[in-house]
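**Student:** Below you will find the structure I want to go over with you.
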Amino acid sequence: MADPAREALGAAAAPEPLPAGSSPPAAGDGAAAAEEAAAAEGAGEGEVGEAGGGSEVKAEVADGEVRSAEGEAADAEDPGLQACAARKAKLELKERKEKKQKVDEDEIQKMQILVSSFSEEQLNRYEMYRRSAFPKAAIKRLIQSITGTSVSQNVVIAMSGISKVFVGEVVEEALDVCEKWGELPPLQPKHMREAVRRLKARGQIPNSKYKKIIFH
(Lines give C-alpha, C1' and ligand atoms only; values in the text may rest on other atoms or scores of the structure.)
Protein backbone atom coordinates (compact mmCIF):
# COMPACT_ATOMS: atom_id res chain seq x y z
CA MET A 1 0.00 0.00 0.00
CA ALA A 2 1.52 3.34 -1.12
CA ASP A 3 2.22 6.12 1.36
CA PRO A 4 0.54 9.42 0.30
CA ALA A 5 3.24 11.58 1.95
CA ARG A 6 6.06 9.88 0.05
CA GLU A 7 4.21 10.32 -3.25
CA ALA A 8 3.75 14.04 -2.60
CA LEU A 9 7.46 14.47 -1.83
CA GLY A 10 8.45 12.58 -4.95
CA ALA A 11 6.21 14.70 -7.11
CA ALA A 12 7.73 17.88 -5.69
CA ALA A 13 11.28 16.64 -6.22
CA ALA A 14 10.66 15.41 -9.75
CA PRO A 15 11.90 17.80 -12.49
CA GLU A 16 9.38 19.66 -14.58
CA PRO A 17 8.98 18.38 -18.12
CA LEU A 18 10.85 20.38 -20.76
CA PRO A 19 8.92 21.94 -23.63
CA ALA A 20 9.07 20.22 -26.98
CA GLY A 21 12.22 20.88 -29.07
CA SER A 22 14.35 22.17 -26.18
CA SER A 23 17.47 20.45 -24.99
CA PRO A 24 18.23 19.80 -21.33
CA PRO A 25 20.50 22.42 -19.69
CA ALA A 26 24.14 21.48 -19.20
CA ALA A 27 25.81 21.42 -15.83
CA GLY A 28 28.35 24.06 -16.94
CA ASP A 29 25.63 26.64 -17.70
CA GLY A 30 24.39 26.48 -14.13
CA ALA A 31 27.88 26.96 -12.75
CA ALA A 32 28.51 29.93 -15.08
CA ALA A 33 25.26 31.55 -14.04
CA ALA A 34 26.18 31.11 -10.39
CA GLU A 35 29.62 32.70 -10.99
CA GLU A 36 28.08 35.68 -12.82
CA ALA A 37 25.65 36.24 -9.97
CA ALA A 38 28.48 36.07 -7.43
CA ALA A 39 30.61 38.51 -9.49
CA ALA A 40 27.73 40.96 -9.80
CA GLU A 41 27.13 40.77 -6.07
CA GLY A 42 30.86 41.36 -5.36
CA ALA A 43 30.97 44.36 -7.74
CA GLY A 44 27.97 45.85 -6.02
CA GLU A 45 29.60 45.43 -2.65
CA GLY A 46 32.85 46.99 -3.98
CA GLU A 47 31.03 50.04 -5.32
CA VAL A 48 29.24 50.47 -2.05
CA GLY A 49 32.58 50.17 -0.18
CA GLU A 50 34.26 52.74 -2.45
CA ALA A 51 31.38 55.12 -2.06
CA GLY A 52 31.49 54.70 1.69
CA GLY A 53 35.28 55.16 1.82
CA GLY A 54 35.16 58.31 -0.35
CA SER A 55 32.49 59.83 1.79
CA GLU A 56 34.54 59.05 4.91
CA VAL A 57 37.67 60.73 3.42
CA LYS A 58 35.66 63.80 2.39
CA ALA A 59 34.16 63.98 5.86
CA GLU A 60 37.64 63.80 7.44
CA VAL A 61 39.00 66.54 5.14
CA ALA A 62 36.03 68.78 5.84
CA ASP A 63 36.43 68.16 9.56
CA GLY A 64 40.14 69.06 9.38
CA GLU A 65 39.41 72.28 7.49
CA VAL A 66 36.79 73.26 10.02
CA ARG A 67 39.19 72.60 12.89
CA SER A 68 42.01 74.60 11.24
CA ALA A 69 39.62 77.49 10.58
CA GLU A 70 38.48 77.37 14.18
CA GLY A 71 42.11 77.34 15.36
CA GLU A 72 43.01 80.37 13.21
CA ALA A 73 39.94 82.21 14.41
CA ALA A 74 40.89 81.41 18.00
CA ASP A 75 44.45 82.66 17.41
CA ALA A 76 43.15 85.83 15.79
CA GLU A 77 40.76 86.46 18.62
CA ASP A 78 43.34 85.75 21.34
CA PRO A 79 44.71 89.14 22.42
CA GLY A 80 47.52 87.49 24.37
CA LEU A 81 49.08 85.99 21.25
CA GLN A 82 48.81 89.29 19.38
CA ALA A 83 50.46 91.16 22.22
CA CYS A 84 53.25 88.57 22.38
CA ALA A 85 53.91 88.84 18.63
CA ALA A 86 53.96 92.65 18.79
CA ARG A 87 56.36 92.56 21.75
CA LYS A 88 58.66 90.14 19.89
CA ALA A 89 58.72 92.32 16.77
CA LYS A 90 59.48 95.38 18.88
CA LEU A 91 62.39 93.62 20.60
CA GLU A 92 63.84 92.46 17.27
CA LEU A 93 63.65 96.01 15.88
CA LYS A 94 65.33 97.37 18.99
CA GLU A 95 68.13 94.77 18.73
CA ARG A 96 68.75 95.67 15.08
CA LYS A 97 68.95 99.36 15.91
CA GLU A 98 71.39 98.71 18.76
CA LYS A 99 73.54 96.50 16.55
CA LYS A 100 73.63 99.10 13.78
CA GLN A 101 74.45 101.84 16.25
CA LYS A 102 77.29 99.72 17.67
CA VAL A 103 78.72 99.12 14.20
CA ASP A 104 78.54 102.84 13.41
CA GLU A 105 80.29 103.67 16.66
CA ASP A 106 83.05 101.18 15.88
CA GLU A 107 83.53 102.66 12.41
CA ILE A 108 83.69 106.17 13.83
CA GLN A 109 86.24 105.11 16.42
CA LYS A 110 88.40 103.41 13.77
CA MET A 111 88.22 106.51 11.57
CA GLN A 112 89.21 108.75 14.45
CA ILE A 113 92.23 106.57 15.18
CA LEU A 114 93.23 106.65 11.50
CA VAL A 115 92.85 110.44 11.19
CA SER A 116 94.80 111.02 14.40
CA SER A 117 97.74 109.13 12.90
CA PHE A 118 97.85 111.32 9.75
CA SER A 119 100.69 113.64 9.08
CA GLU A 120 100.05 117.31 8.34
CA GLU A 121 100.17 116.79 4.60
CA GLN A 122 97.91 113.73 4.73
CA LEU A 123 95.42 115.56 6.90
CA ASN A 124 95.27 118.48 4.44
CA ARG A 125 94.73 116.08 1.54
CA TYR A 126 92.01 114.26 3.47
CA GLU A 127 90.23 117.52 4.24
CA MET A 128 90.34 118.51 0.57
CA TYR A 129 88.97 115.10 -0.39
CA ARG A 130 86.08 115.45 2.04
CA ARG A 131 85.24 118.93 0.79
CA SER A 132 85.53 118.18 -2.91
CA ALA A 133 82.36 117.34 -4.82
CA PHE A 134 80.99 117.54 -8.35
CA PRO A 135 78.43 120.24 -9.03
CA LYS A 136 75.02 118.61 -8.88
CA ALA A 137 73.67 120.84 -11.63
CA ALA A 138 76.36 119.66 -14.04
CA ILE A 139 75.76 116.01 -13.09
CA LYS A 140 72.02 116.40 -13.61
CA ARG A 141 72.50 118.07 -16.98
CA LEU A 142 74.87 115.32 -18.09
CA ILE A 143 72.46 112.55 -17.05
CA GLN A 144 69.53 114.22 -18.80
CA SER A 145 71.55 114.68 -21.99
CA ILE A 146 72.40 110.95 -22.04
CA THR A 147 69.08 109.44 -20.95
CA GLY A 148 66.77 112.07 -22.44
CA THR A 149 64.57 112.08 -19.34
CA SER A 150 64.46 114.08 -16.13
CA VAL A 151 65.87 112.46 -13.00
CA SER A 152 65.22 112.99 -9.32
CA GLN A 153 67.56 114.65 -6.87
CA ASN A 154 68.41 111.32 -5.22
CA VAL A 155 69.73 109.98 -8.53
CA VAL A 156 71.87 113.09 -8.97
CA ILE A 157 73.34 112.71 -5.46
CA ALA A 158 74.10 109.02 -6.04
CA MET A 159 75.79 109.65 -9.39
CA SER A 160 77.80 112.50 -7.91
CA GLY A 161 79.14 110.21 -5.18
CA ILE A 162 79.95 107.43 -7.67
CA SER A 163 81.80 109.91 -9.89
CA LYS A 164 83.84 111.09 -6.94
CA VAL A 165 84.85 107.52 -6.06
CA PHE A 166 85.77 106.83 -9.71
CA VAL A 167 87.99 109.90 -9.92
CA GLY A 168 89.66 108.89 -6.66
CA GLU A 169 90.52 105.46 -8.08
CA VAL A 170 91.95 106.99 -11.26
CA VAL A 171 94.08 109.46 -9.29
CA GLU A 172 95.35 106.71 -6.99
CA GLU A 173 96.36 104.57 -9.97
CA ALA A 174 98.00 107.60 -11.61
CA LEU A 175 100.08 108.18 -8.48
CA ASP A 176 101.25 104.56 -8.63
CA VAL A 177 102.18 105.01 -12.28
CA CYS A 178 104.12 108.17 -11.46
CA GLU A 179 106.02 106.37 -8.70
CA LYS A 180 106.83 103.33 -10.89
CA TRP A 181 108.15 105.59 -13.65
CA GLY A 182 110.51 107.22 -11.17
CA GLU A 183 108.82 110.60 -11.42
CA LEU A 184 107.47 112.92 -8.79
CA PRO A 185 104.07 114.65 -8.52
CA PRO A 186 102.25 116.72 -9.63
CA LEU A 187 100.43 114.35 -11.92
CA GLN A 188 100.58 114.92 -15.65
CA PRO A 189 98.15 113.91 -18.40
CA LYS A 190 100.37 110.96 -19.37
CA HIS A 191 100.00 109.56 -15.86
CA MET A 192 96.22 109.85 -16.03
CA ARG A 193 96.05 108.23 -19.47
CA GLU A 194 98.23 105.33 -18.34
CA ALA A 195 96.11 104.92 -15.21
CA VAL A 196 92.91 104.74 -17.27
CA ARG A 197 94.56 102.23 -19.65
CA ARG A 198 95.57 99.98 -16.76
CA LEU A 199 92.14 100.14 -15.16
CA LYS A 200 90.54 99.20 -18.47
CA ALA A 201 92.95 96.31 -18.88
CA ARG A 202 91.91 95.01 -15.44
CA GLY A 203 88.24 95.38 -16.34
CA GLN A 204 87.55 98.08 -13.75
CA ILE A 205 86.39 100.55 -16.42
CA PRO A 206 83.78 99.42 -18.97
CA ASN A 207 84.51 100.11 -22.62
CA SER A 208 82.39 102.99 -23.88
CA LYS A 209 82.99 102.26 -27.57
CA TYR A 210 81.28 99.36 -29.33
CA LYS A 211 83.71 97.09 -31.16
CA LYS A 212 82.38 94.73 -33.80
CA ILE A 213 84.01 91.33 -33.52
CA ILE A 214 84.39 89.72 -36.97
CA PHE A 215 86.22 86.53 -36.02
CA HIS A 216 85.68 84.56 -32.83
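Chain labels run A, B, ... following the order of the C-alpha coordinates; each chain numbers its residues from 1, and ligands are numbered from 1 in the order shown.
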Skipping near chain neighbours, those fewer than 6 positions away, what residues fall within 10 Å of Glu172 (chain A) using only C-alpha atoms, listed as a list in words?
**Tutor:**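 Once the nearby chain positions are removed, what remains is Phe166, Cys178, Met192 and Ala195 of chain A.
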**Student:** How would the residues just picked look written out with N, CA, C and O atoms as a tab-separated table (two decimals), in the first residue's frame?
**Tutor:**
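Okay, again_12.tsv is ready:
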chain	number	residue	atom	x	y	z
A	166	PHE	N	85.08	107.21	-8.48
A	166	PHE	CA	85.77	106.83	-9.71
A	166	PHE	C	87.01	107.70	-9.94
A	166	PHE	O	88.10	107.21	-10.27
A	178	CYS	N	103.08	107.16	-11.60
A	178	CYS	CA	104.12	108.17	-11.46
A	178	CYS	C	105.28	107.64	-10.62
A	178	CYS	O	106.46	107.88	-10.94
A	192	MET	N	97.66	110.13	-16.05
A	192	MET	CA	96.22	109.85	-16.03
A	192	MET	C	95.82	108.90	-17.15
A	192	MET	O	95.02	107.97	-16.93
A	195	ALA	N	96.95	105.47	-16.27
A	195	ALA	CA	96.11	104.92	-15.21
A	195	ALA	C	94.78	104.41	-15.76
A	195	ALA	O	94.32	103.32	-15.40
**Student:** Could you state the separation of CA of Gln153 (chain A) and CA of Arg141 (chain A) in Å, given to one decimal place?
**Tutor:** 11.8 Å
**Student:** In Å, rounded to a single decimal, give me how far CA of Gln112 (chain A) is from CA of Asn124 (chain A).
**Tutor:**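 The value is 15.2 Å.
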**Student:** Rounded to one decimal in Å, what is the spacing between CA of Lys164 (chain A) and CA of Ala133 (chain A)?
**Tutor:**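 Interatomic distance, CA of Lys164 (chain A) to CA of Ala133 (chain A): 6.8 Å.
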**Student:** Residues near Val167 (chain A), anyone? I mean within 12 Å using only C-alpha atoms, not counting same-chain ones fewer than 4 positions away, as a list of chain:residue names.
**Tutor:**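 My list of contacting residues is A:Tyr129, A:Ser132, A:Ala133, A:Phe134, A:Ser160, A:Gly161, A:Ile162, A:Ser163, A:Val171, A:Glu172, A:Glu173, A:Ala174, A:Met192, A:Ala195, A:Val196, A:Leu199, A:Ile205.
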